[in-house]
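Since the structure comes first, as structure tokens, the remarks are kept for the end.
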Amino acid sequence: MAMTSDQIRDTYTSFFEQHGHRRLPSFSLIPAALDPSALFTIAGMHPMKPYFAGDETPPHTRLTTCQTVFRTGDIENIGMTARHLTFFEMLGNFSFGDYFKREAIRYAWDLSREGFGLNEADIWVTVFGGDDELGIGPDQEAIDLWLDVGVPRDRIVECPRSENFWQAGPLGPCGPCSELYLDLGVDRGSPDDLPGGENERFLEFWNLVFMQFDQNPLNTLTPLPAKNIDTGLGLNRMAAILQGKETVFETDQFAPLIELGERLSGRKYGSDFATDRALRILADHGRSMTFLIADGVVPSNEARGYVLRRIMRRAILQGRQTLGLDPGFLLRYQDLVGEIMGHEYGQLVTQRDSIRKWLASEEESFGRTLDEGSKLLDALIDGAKQSGAEGIAAADAFLLHDTHGFPFDLTLELVTEHGLGVDEEGFESLMQNQRTQSREGGGRTLSNAELREQAQTLAGGSGFKTEFKGYEAIALETTVGALTREAGENGRLLVKLVESPFYATGGGQVADGGLIECEHGDCLARVKDVLRLGDDQVLAVVPERGELHDGERVWARVDPVSRHATQCNHTATHLLHAALRARLGTHVRQAGSYVGPDKLRFDFTHGAALSPEELADVENAINSWILEAQPVRALTTTLDEAKSLGAMALFGEKYGDIVRMVEVGDGSFSRELCGGTHVRSTAEIGLFKLSSETSSAANVRRIEAITGPAAVALMREHDRELDAAAHSLRVTPSGVPEAVLQLRARVKELEKAIESGAGAGAIDEDAIAAQAQQIGGASVVAAIVEGVAGQGLLDLADRLKARLGDAAVVLGAASDDKVDLVAAVAPALVERGVKAGAVVKIAAAVVGGGGGGRDTAARAGGKDVAKLPDAVEAGRAAVEAALAG
């Protein structure tokens, strides 16, 4: 019986466990927060980079993993070929200064033959064939070792640097590779074919990387003091080999997903290329989106969220347009992915409800966009074909994107299927003023990068790691272990203490400030920053008196006021997380944070603005926990034990076997893995006050709040303002709300009186407001009015907007030979993409005019009075399209 994917995974990891390796679970698809180089985990060795670089100490010198991996570099090829995938599992074994080529080659040879049962006569290998530019010859050591295990010389093929030399970048660790290939038979090619060439006869299944050199400068190699091993074997490709399948889509992890598509569509896999492609895309993307959401990614228009949204929309497009599937099919794929892989990846089970929420929401919203945009795009494609044009104009693609929310990459993909093109440069030019590139935690300035590089050099040459003592003490006597002057002209020093009470920036919490004072008081330096370097740290300090010296005994003192305020905000952030999950649902996850002495900021996954009632409930719950004086404890335990207790982990963070868990009270409402500093009792927080709730990105909300003395000061300021208002209104403070309501009612009476005398007749605002339609959870009014024009028309729109709440109002009026058009949009709808200026611009184009304004209010005009109804309808349609996108 053929080996299943589960058996392949177990055979590989068990083999290496038997040979002294420690098996680690798959790391998240979101890289560790300290790695800004990639949005996703793109290789089996990706989470190991800090170990290979020496920034962190690995939990064992020999490791083995089955790592989930996500790549989109070849997304257009998904479904087109038999091998391309966005999501797959990569098996790997790693050595950090332990074994090298001999053992790596022996392990690969033995496991291939004895573990996987491959015929050794069918196994070929490639080795590095040398490179004149690098000044080294063929990897004779690897050749000899392959000969030793029994591979004939004629099945050992030398390949050039482009094929068999690994390097992560132009400089740094690098080394030759050796790859294992399976000969699928001469009938797949010709007798002259060789591994490493462009042919179908040889299939590469395992890559061994021998990290033995440091390249610096370019093309100059120096042997590394500790040599490392990094290998990768694709589980899904091995499954195709051992299960005798032509493609990965016929293996045991994919076949059920293909069959699901067949059942839902009534189509047959293998009947035609379009069907095969669509079924493959749904199978691959169904896996990808399920795992990405399970690991904490939510659909949005930025960074990781944009990539997720793109694959979701590609799947929805293929499901609806090619296969004709009924709505709700993404949930069917999620369920099946969970059945197939949930036993190995528990997050598919624990995050099931959250995954369903985001899949259902995106399929529903994009379905509306797809229906409208596809009709327009089909018309553009037909027009281009009839006119003999080479493709779609940039302006048309921009209109689809900007007005109807139809993604440009889907326009490009669909147009390409018809043999046409799109003016991409023109589109980018049109988009330039509207594009926003915002990535959490990215883009350090050059000076910061240079500062970190200097700090790493200091730490690497010091020969020791600073021991952080800041959990137990905020002042201690210690020694300056190493120091250097920072490059530049700001006079700062980089200092490495043997023991440090200073918390380094990390986990959303800012670094401690404070002072370093010489033992005898003759020198003093102020700590301005604490740079985290894996599990080490370096201080950036500004001398204020005297000079610090290497080896000097000093007192290190954290600023106690700032530290305590930060601790209050950090514990309050945990309480906020717990309160949000209790009130809104377990789909809420942390998506970013800032914890400082001044305030806390918490970004979390949620698809809508919080209502006043929800905000009040969250704030009340937190203050109740504060009043209960719940104890706050930091416990050191195993990762498995923490997970079994329900501790929340920060997605994208990398954890070792031993973790620090912070629990509040008995832990029933808040347990989180956290390395930050916290109060000992919730009573120390004193008071929690929400200051704002806004949108951070699509499907990500942001709350800012203050605690302790800052919150008390704010409440006192509110009291002063209330007293001042009461004095002006000549009422007691408790009577202010009623007095304000009476005042507003009087203002409305006066406004109506003014309006009734300003035109031919009174404007019936009640009748106009009654025309409001509910679209996408918002009130939308589109109407033609008489008896008012110009600024009066815009004022009317503003009053209607205020009356209806979260509303968009489009009004038109005609007088003599001209048309007036106005739009007023509530800020909450602006956040969702409805912009008054864009709406009136579209409406004005219908009547041969133009105009614009702010996102919340805009005016336009035109000359074609006869088309006023069409213009108002165009404005309404623009609002609806923006809400749907």
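Letters A, B, ... go to the chains of the structure tokens in the order shown; residues in each chain start at 1; ligands are counted from 1 in the same order.
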Looking only at strand (DSSP E) from DSSP on the backbone, list the matching residues of segment 175-388 of chain A as a PyMOL selection string. chain A and resi 175-183+202-215+221-234
Written file, previous selection with C-alpha atoms, as a short mmCIF file (atom, residue, chain, number, x, y, z; two decimals), in the first residue's frame:
data_model
loop_
_atom_site.label_atom_id
_atom_site.label_comp_id
_atom_site.auth_asym_id
_atom_site.auth_seq_id
_atom_site.Cartn_x
_atom_site.Cartn_y
_atom_site.Cartn_z
CA GLY A 175 27.82 27.23 0.62
CA PRO A 176 27.49 24.49 -1.99
CA CYS A 177 24.35 22.37 -2.37
CA SER A 178 23.72 18.77 -3.25
CA GLU A 179 20.32 17.74 -4.59
CA LEU A 180 18.69 14.33 -4.88
CA TYR A 181 16.71 13.53 -8.04
CA LEU A 182 14.49 10.62 -9.01
CA ASP A 183 14.83 9.23 -12.53
CA PHE A 202 14.34 13.90 -13.51
CA LEU A 203 12.36 15.11 -10.48
CA GLU A 204 14.25 16.87 -7.65
CA PHE A 205 12.96 15.81 -4.23
CA TRP A 206 15.59 16.77 -1.60
CA ASN A 207 18.05 19.63 -1.30
CA LEU A 208 21.05 19.55 1.05
CA VAL A 209 22.71 22.91 1.79
CA PHE A 210 26.22 22.90 3.25
CA MET A 211 26.77 26.30 4.94
CA GLN A 212 30.55 26.42 5.14
CA PHE A 213 31.61 29.88 3.88
CA ASP A 214 31.16 33.55 4.68
CA GLN A 215 31.09 35.71 1.54
CA LEU A 221 34.94 33.26 0.60
CA THR A 222 36.20 32.64 4.12
CA PRO A 223 35.53 29.33 5.91
CA LEU A 224 32.96 29.61 8.71
CA PRO A 225 34.18 28.62 12.19
CA ALA A 226 31.00 26.55 12.73
CA LYS A 227 29.55 24.73 9.73
CA ASN A 228 25.79 24.21 9.47
CA ILE A 229 23.38 21.94 7.60
CA ASP A 230 20.01 22.99 6.17
CA THR A 231 17.95 20.52 4.13
CA GLY A 232 14.49 20.58 2.59
CA LEU A 233 12.22 17.85 1.24
CA GLY A 234 8.77 18.75 -0.09
#
Counting only C-alpha atoms, which residues in segment 29-133 of chain A sit no more than 8 Å from segment 529-552 of chain A? For each one, give the nearest pair of atoms and the distance in Å, sorted by chain then residue number, as a tab-separated table.
residue	atom	partner	partner_atom	distance
A:Pro50	CA	A:Gly534	CA	7.7
A:Asp55	CA	A:Gly534	CA	5.5
A:Glu56	CA	A:Gly534	CA	5.4
Resulting file, chosen residues, C-alpha atoms, as a CSV table (one decimal), in the first residue's frame:
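Saved as selection-v3.csv:
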chain,number,residue,atom,x,y,z
A,50,PRO,CA,18.2,33.5,14.0
A,55,ASP,CA,21.4,35.8,17.1
A,56,GLU,CA,19.6,33.2,19.2
Can you pull out every residue within 7 Å of segment 7-12 of chain A, counting only C-alpha atoms, but drop anything in the same chain fewer than 6 positions away, and send it as a list in words? Cys66, Gly115 and Leu235 of chain A
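Interatomic distance, atom CA of His21 of chain A against atom CA of Thr636 of chain A: 24.7 Å.
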Excluding Trp625 of chain A and any residue of its chain fewer than 3 positions from it, enumerate the residues within 12 Å of it, using only C-alpha atoms, and give them as a PDB file with N, CA, C and O atoms, in the first residue's frame.
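Final file, out29.pdb:
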ATOM      1  N   THR A 571      -0.568  45.542  31.517  1.00  0.00           N
ATOM      2  CA  THR A 571      -1.574  44.663  32.110  1.00  0.00           C
ATOM      3  C   THR A 571      -2.963  45.044  31.615  1.00  0.00           C
ATOM      4  O   THR A 571      -3.799  44.169  31.342  1.00  0.00           O
ATOM      5  N   ALA A 572      -3.226  46.347  31.471  1.00  0.00           N
ATOM      6  CA  ALA A 572      -4.523  46.792  30.956  1.00  0.00           C
ATOM      7  C   ALA A 572      -4.751  46.307  29.526  1.00  0.00           C
ATOM      8  O   ALA A 572      -5.890  46.014  29.130  1.00  0.00           O
ATOM      9  N   HIS A 574      -3.738  43.423  28.335  1.00  0.00           N
ATOM     10  CA  HIS A 574      -4.203  42.046  28.476  1.00  0.00           C
ATOM     11  C   HIS A 574      -5.684  42.011  28.866  1.00  0.00           C
ATOM     12  O   HIS A 574      -6.457  41.192  28.347  1.00  0.00           O
ATOM     13  N   LEU A 575      -6.087  42.876  29.781  1.00  0.00           N
ATOM     14  CA  LEU A 575      -7.497  42.940  30.190  1.00  0.00           C
ATOM     15  C   LEU A 575      -8.384  43.366  29.024  1.00  0.00           C
ATOM     16  O   LEU A 575      -9.487  42.841  28.848  1.00  0.00           O
ATOM     17  N   LEU A 576      -7.897  44.315  28.228  1.00  0.00           N
ATOM     18  CA  LEU A 576      -8.650  44.771  27.054  1.00  0.00           C
ATOM     19  C   LEU A 576      -8.840  43.621  26.068  1.00  0.00           C
ATOM     20  O   LEU A 576      -9.944  43.419  25.532  1.00  0.00           O
ATOM     21  N   ALA A 578      -8.881  40.439  26.688  1.00  0.00           N
ATOM     22  CA  ALA A 578      -9.842  39.498  27.266  1.00  0.00           C
ATOM     23  C   ALA A 578     -11.270  40.032  27.181  1.00  0.00           C
ATOM     24  O   ALA A 578     -12.210  39.293  26.840  1.00  0.00           O
ATOM     25  N   ALA A 579     -11.453  41.311  27.466  1.00  0.00           N
ATOM     26  CA  ALA A 579     -12.794  41.902  27.435  1.00  0.00           C
ATOM     27  C   ALA A 579     -13.358  41.919  26.017  1.00  0.00           C
ATOM     28  O   ALA A 579     -14.562  41.679  25.809  1.00  0.00           O
ATOM     29  N   VAL A 618     -17.093  46.873  27.317  1.00  0.00           N
ATOM     30  CA  VAL A 618     -15.670  46.540  27.411  1.00  0.00           C
ATOM     31  C   VAL A 618     -15.011  47.366  28.517  1.00  0.00           C
ATOM     32  O   VAL A 618     -14.284  46.841  29.365  1.00  0.00           O
ATOM     33  N   GLU A 619     -15.267  48.662  28.522  1.00  0.00           N
ATOM     34  CA  GLU A 619     -14.653  49.536  29.534  1.00  0.00           C
ATOM     35  C   GLU A 619     -15.122  49.162  30.937  1.00  0.00           C
ATOM     36  O   GLU A 619     -14.324  49.115  31.885  1.00  0.00           O
ATOM     37  N   ASN A 620     -16.404  48.849  31.081  1.00  0.00           N
ATOM     38  CA  ASN A 620     -16.931  48.490  32.400  1.00  0.00           C
ATOM     39  C   ASN A 620     -16.336  47.176  32.901  1.00  0.00           C
ATOM     40  O   ASN A 620     -16.033  47.030  34.093  1.00  0.00           O
ATOM     41  N   ALA A 621     -16.168  46.213  31.993  1.00  0.00           N
ATOM     42  CA  ALA A 621     -15.595  44.922  32.398  1.00  0.00           C
ATOM     43  C   ALA A 621     -14.177  45.101  32.910  1.00  0.00           C
ATOM     44  O   ALA A 621     -13.793  44.535  33.945  1.00  0.00           O
ATOM     45  N   ILE A 622     -13.390  45.916  32.214  1.00  0.00           N
ATOM     46  CA  ILE A 622     -11.999  46.131  32.629  1.00  0.00           C
ATOM     47  C   ILE A 622     -11.939  46.829  33.977  1.00  0.00           C
ATOM     48  O   ILE A 622     -11.176  46.430  34.870  1.00  0.00           O
ATOM     49  N   GLU A 628     -11.630  44.692  41.501  1.00  0.00           N
ATOM     50  CA  GLU A 628     -11.554  43.413  42.218  1.00  0.00           C
ATOM     51  C   GLU A 628     -10.150  43.118  42.737  1.00  0.00           C
ATOM     52  O   GLU A 628      -9.953  42.131  43.460  1.00  0.00           O
ATOM     53  N   ALA A 629      -9.176  43.952  42.376  1.00  0.00           N
ATOM     54  CA  ALA A 629      -7.789  43.767  42.826  1.00  0.00           C
ATOM     55  C   ALA A 629      -7.312  42.342  42.556  1.00  0.00           C
ATOM     56  O   ALA A 629      -6.769  41.656  43.427  1.00  0.00           O
ATOM     57  N   GLN A 630      -7.489  41.915  41.292  1.00  0.00           N
ATOM     58  CA  GLN A 630      -7.077  40.567  40.902  1.00  0.00           C
ATOM     59  C   GLN A 630      -5.548  40.470  40.894  1.00  0.00           C
ATOM     60  O   GLN A 630      -4.864  41.373  40.396  1.00  0.00           O
ATOM     61  N   PRO A 631      -4.980  39.397  41.432  1.00  0.00           N
ATOM     62  CA  PRO A 631      -3.521  39.239  41.394  1.00  0.00           C
ATOM     63  C   PRO A 631      -3.041  38.997  39.965  1.00  0.00           C
ATOM     64  O   PRO A 631      -3.742  38.378  39.154  1.00  0.00           O
ATOM     65  N   VAL A 632      -1.852  39.476  39.657  1.00  0.00           N
ATOM     66  CA  VAL A 632      -1.233  39.271  38.346  1.00  0.00           C
ATOM     67  C   VAL A 632       0.066  38.502  38.573  1.00  0.00           C
ATOM     68  O   VAL A 632       0.938  38.957  39.321  1.00  0.00           O
ATOM     69  N   VAL A 664      -4.010  36.641  34.930  1.00  0.00           N
ATOM     70  CA  VAL A 664      -4.683  37.578  35.819  1.00  0.00           C
ATOM     71  C   VAL A 664      -5.740  36.808  36.596  1.00  0.00           C
ATOM     72  O   VAL A 664      -6.516  36.049  36.018  1.00  0.00           O
ATOM     73  N   GLY A 665      -5.773  37.005  37.909  1.00  0.00           N
ATOM     74  CA  GLY A 665      -6.714  36.269  38.740  1.00  0.00           C
ATOM     75  C   GLY A 665      -6.408  34.787  38.709  1.00  0.00           C
ATOM     76  O   GLY A 665      -5.249  34.368  38.795  1.00  0.00           O
ATOM     77  N   ASP A 666      -7.456  33.978  38.545  1.00  0.00           N
ATOM     78  CA  ASP A 666      -7.247  32.535  38.453  1.00  0.00           C
ATOM     79  C   ASP A 666      -6.954  32.091  37.027  1.00  0.00           C
ATOM     80  O   ASP A 666      -6.865  30.903  36.740  1.00  0.00           O
ATOM     81  N   PHE A 669     -10.030  34.299  32.760  1.00  0.00           N
ATOM     82  CA  PHE A 669     -10.368  35.268  31.716  1.00  0.00           C
ATOM     83  C   PHE A 669      -9.147  35.856  31.018  1.00  0.00           C
ATOM     84  O   PHE A 669      -9.287  36.478  29.977  1.00  0.00           O
ATOM     85  N   SER A 670      -7.937  35.681  31.570  1.00  0.00           N
ATOM     86  CA  SER A 670      -6.759  36.215  30.879  1.00  0.00           C
ATOM     87  C   SER A 670      -5.519  35.406  31.190  1.00  0.00           C
ATOM     88  O   SER A 670      -5.044  35.398  32.342  1.00  0.00           O
ATOM     89  N   SER A 681      -0.937  43.588  40.920  1.00  0.00           N
ATOM     90  CA  SER A 681      -2.378  43.498  41.166  1.00  0.00           C
ATOM     91  C   SER A 681      -3.076  44.461  40.233  1.00  0.00           C
ATOM     92  O   SER A 681      -2.565  45.565  39.964  1.00  0.00           O
ATOM     93  N   THR A 682      -4.255  44.081  39.745  1.00  0.00           N
ATOM     94  CA  THR A 682      -4.994  44.981  38.846  1.00  0.00           C
ATOM     95  C   THR A 682      -5.342  46.287  39.543  1.00  0.00           C
ATOM     96  O   THR A 682      -5.540  47.319  38.881  1.00  0.00           O
ATOM     97  N   ALA A 683      -5.397  46.275  40.886  1.00  0.00           N
ATOM     98  CA  ALA A 683      -5.726  47.503  41.621  1.00  0.00           C
ATOM     99  C   ALA A 683      -4.716  48.605  41.355  1.00  0.00           C
ATOM    100  O   ALA A 683      -5.045  49.799  41.436  1.00  0.00           O
ATOM    101  N   GLU A 684      -3.464  48.242  41.034  1.00  0.00           N
ATOM    102  CA  GLU A 684      -2.439  49.245  40.760  1.00  0.00           C
ATOM    103  C   GLU A 684      -2.768  50.083  39.530  1.00  0.00           C
ATOM    104  O   GLU A 684      -2.279  51.201  39.378  1.00  0.00           O
ATOM    105  N   ILE A 685      -3.582  49.532  38.629  1.00  0.00           N
ATOM    106  CA  ILE A 685      -3.940  50.266  37.400  1.00  0.00           C
ATOM    107  C   ILE A 685      -4.785  51.477  37.745  1.00  0.00           C
ATOM    108  O   ILE A 685      -4.694  52.520  37.088  1.00  0.00           O
ATOM    109  N   GLY A 686      -5.615  51.351  38.768  1.00  0.00           N
ATOM    110  CA  GLY A 686      -6.407  52.482  39.246  1.00  0.00           C
ATOM    111  C   GLY A 686      -7.658  52.726  38.434  1.00  0.00           C
ATOM    112  O   GLY A 686      -8.782  52.604  38.923  1.00  0.00           O
ATOM    113  N   LEU A 687      -7.503  53.069  37.155  1.00  0.00           N
ATOM    114  CA  LEU A 687      -8.641  53.426  36.302  1.00  0.00           C
ATOM    115  C   LEU A 687      -8.263  53.164  34.849  1.00  0.00           C
ATOM    116  O   LEU A 687      -7.113  53.387  34.443  1.00  0.00           O
ATOM    117  N   PHE A 688      -9.218  52.672  34.067  1.00  0.00           N
ATOM    118  CA  PHE A 688      -9.029  52.447  32.629  1.00  0.00           C
ATOM    119  C   PHE A 688     -10.034  53.311  31.881  1.00  0.00           C
ATOM    120  O   PHE A 688     -11.234  53.264  32.154  1.00  0.00           O
TER     121      PHE A 688
END
Please provide as a compact mmCIF listing (two decimals) with C-alpha atoms, in the first residue's frame all residues within 7 Å of segment 672-679 of chain A, with the sequence filter that same-chain residues fewer than 4 positions apart are discarded (counting only C-alpha atoms).
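Output saved as selection33.txt:
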# COMPACT_ATOMS: atom_id res chain seq x y z
CA TYR A 471 11.53 41.37 36.36
CA GLY A 507 6.21 42.57 22.27
CA GLN A 509 6.26 47.42 24.92
CA GLN A 567 3.32 48.20 33.52
CA CYS A 568 -0.19 49.54 34.19
CA HIS A 570 0.62 46.52 29.63
CA THR A 571 -1.57 44.66 32.11
CA VAL A 632 -1.23 39.27 38.35
CA ALA A 647 -2.87 30.81 27.06
CA MET A 648 -3.11 33.25 24.16
CA ALA A 649 -0.01 33.43 21.96
CA VAL A 659 7.77 30.18 28.03
CA ARG A 660 6.68 32.97 30.35
CA MET A 661 2.92 33.09 30.90
CA VAL A 662 1.14 36.05 32.50
CA GLU A 663 -2.20 35.29 34.12
CA GLU A 684 -2.44 49.25 40.76
Hey, can you check how far atom CA of Asp187 of chain A sits from atom CA of Met238 of chain A?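 Answer for the atom CA of Asp187 of chain A to atom CA of Met238 of chain A separation: 20.6 Å.
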Identify, on the basis of only C-alpha atoms, every residue whose closest approach to Arg62 of chain A does not exceed 9 Å; exclude the query and any residue fewer than 6 positions from it along the same chain; express the result as a PDB file with N, CA, C and O atoms, in the first residue's frame.
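Output (part-v1.pdb):
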ATOM      1  N   PHE A  16      14.784  11.140  11.978  1.00  0.00           N
ATOM      2  CA  PHE A  16      15.781  12.072  12.512  1.00  0.00           C
ATOM      3  C   PHE A  16      15.740  12.143  14.040  1.00  0.00           C
ATOM      4  O   PHE A  16      16.772  12.387  14.674  1.00  0.00           O
ATOM      5  N   GLY A  20      19.153  11.518  16.950  1.00  0.00           N
ATOM      6  CA  GLY A  20      19.568  12.587  17.856  1.00  0.00           C
ATOM      7  C   GLY A  20      19.008  13.961  17.588  1.00  0.00           C
ATOM      8  O   GLY A  20      19.493  14.939  18.163  1.00  0.00           O
ATOM      9  N   HIS A  21      17.989  14.082  16.724  1.00  0.00           N
ATOM     10  CA  HIS A  21      17.395  15.387  16.440  1.00  0.00           C
ATOM     11  C   HIS A  21      16.183  15.618  17.351  1.00  0.00           C
ATOM     12  O   HIS A  21      15.476  14.675  17.703  1.00  0.00           O
ATOM     13  N   ARG A  22      15.950  16.877  17.698  1.00  0.00           N
ATOM     14  CA  ARG A  22      14.733  17.232  18.414  1.00  0.00           C
ATOM     15  C   ARG A  22      13.698  17.715  17.409  1.00  0.00           C
ATOM     16  O   ARG A  22      13.976  18.600  16.592  1.00  0.00           O
ATOM     17  N   ARG A  23      12.512  17.148  17.471  1.00  0.00           N
ATOM     18  CA  ARG A  23      11.449  17.584  16.566  1.00  0.00           C
ATOM     19  C   ARG A  23      10.734  18.792  17.157  1.00  0.00           C
ATOM     20  O   ARG A  23      10.314  18.777  18.315  1.00  0.00           O
ATOM     21  N   ASN A  93      15.836  18.764   8.078  1.00  0.00           N
ATOM     22  CA  ASN A  93      16.705  18.475   9.217  1.00  0.00           C
ATOM     23  C   ASN A  93      17.838  19.490   9.216  1.00  0.00           C
ATOM     24  O   ASN A  93      18.326  19.904   8.156  1.00  0.00           O
ATOM     25  N   PHE A  94      18.227  19.927  10.420  1.00  0.00           N
ATOM     26  CA  PHE A  94      19.148  21.044  10.562  1.00  0.00           C
ATOM     27  C   PHE A  94      20.214  20.713  11.599  1.00  0.00           C
ATOM     28  O   PHE A  94      19.937  20.104  12.628  1.00  0.00           O
ATOM     29  N   SER A  95      21.433  21.149  11.304  1.00  0.00           N
ATOM     30  CA  SER A  95      22.544  21.001  12.244  1.00  0.00           C
ATOM     31  C   SER A  95      23.192  22.362  12.437  1.00  0.00           C
ATOM     32  O   SER A  95      23.515  23.048  11.463  1.00  0.00           O
ATOM     33  N   PHE A  96      23.393  22.736  13.708  1.00  0.00           N
ATOM     34  CA  PHE A  96      24.003  24.023  14.041  1.00  0.00           C
ATOM     35  C   PHE A  96      25.363  23.751  14.674  1.00  0.00           C
ATOM     36  O   PHE A  96      25.479  23.556  15.891  1.00  0.00           O
ATOM     37  N   GLY A  97      26.383  23.678  13.822  1.00  0.00           N
ATOM     38  CA  GLY A  97      27.731  23.422  14.300  1.00  0.00           C
ATOM     39  C   GLY A  97      27.939  22.014  14.820  1.00  0.00           C
ATOM     40  O   GLY A  97      28.917  21.751  15.534  1.00  0.00           O
ATOM     41  N   ASP A  98      27.072  21.087  14.470  1.00  0.00           N
ATOM     42  CA  ASP A  98      27.178  19.701  14.938  1.00  0.00           C
ATOM     43  C   ASP A  98      27.729  18.840  13.804  1.00  0.00           C
ATOM     44  O   ASP A  98      28.916  18.869  13.510  1.00  0.00           O
ATOM     45  N   TYR A  99      26.874  18.097  13.114  1.00  0.00           N
ATOM     46  CA  TYR A  99      27.373  17.265  12.012  1.00  0.00           C
ATOM     47  C   TYR A  99      27.436  18.078  10.727  1.00  0.00           C
ATOM     48  O   TYR A  99      26.894  19.184  10.626  1.00  0.00           O
TER      49      TYR A  99
END
Residue nearest Asn623 of chain A among A:Arg671, A:Lys689, A:Arg589, A:Arg553 (counting only C-alpha atoms):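 With only C-alpha atoms as the atom set, the closest residue is A:Lys689.
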Which residue of A:Leu400, A:Val157, A:Leu796, A:Leu308 approaches Glu372 of chain A most closely, using only C-alpha atoms: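 Looking only at the distances to Glu372 of chain A, the closest residue turns out to be A:Leu400.
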d(atom CA of Arg287 of chain A, atom CA of Val337 of chain A) in Å: 6.2 Å
DSSP on the backbone: which residues in segment 244-332 of chain A end up as alpha helix (DSSP H)? Give the answer as a PyMOL selection string. chain A and resi 255-265+273-294+303-317+329-332
Skipping near chain neighbours, those fewer than 2 positions away, what residues fall within 6 Å of Gln590 of chain A using only C-alpha atoms, listed as number ranges by chain? A: 592, 603-604
Considering only C-alpha atoms, state which residue in the set A:Tyr655, A:Phe398, A:Phe70, A:Phe464 is at the smallest distance from Gln432 of chain A.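 That would be A:Phe398, the residue with the smallest distance to Gln432 of chain A.
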Taking only C-alpha atoms into account, name the residue in A:Leu515, A:Leu317, A:Val819, A:Ala874 that is nearest to Arg368 of chain A.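 For Arg368 of chain A, the nearest of the candidates is A:Leu317.
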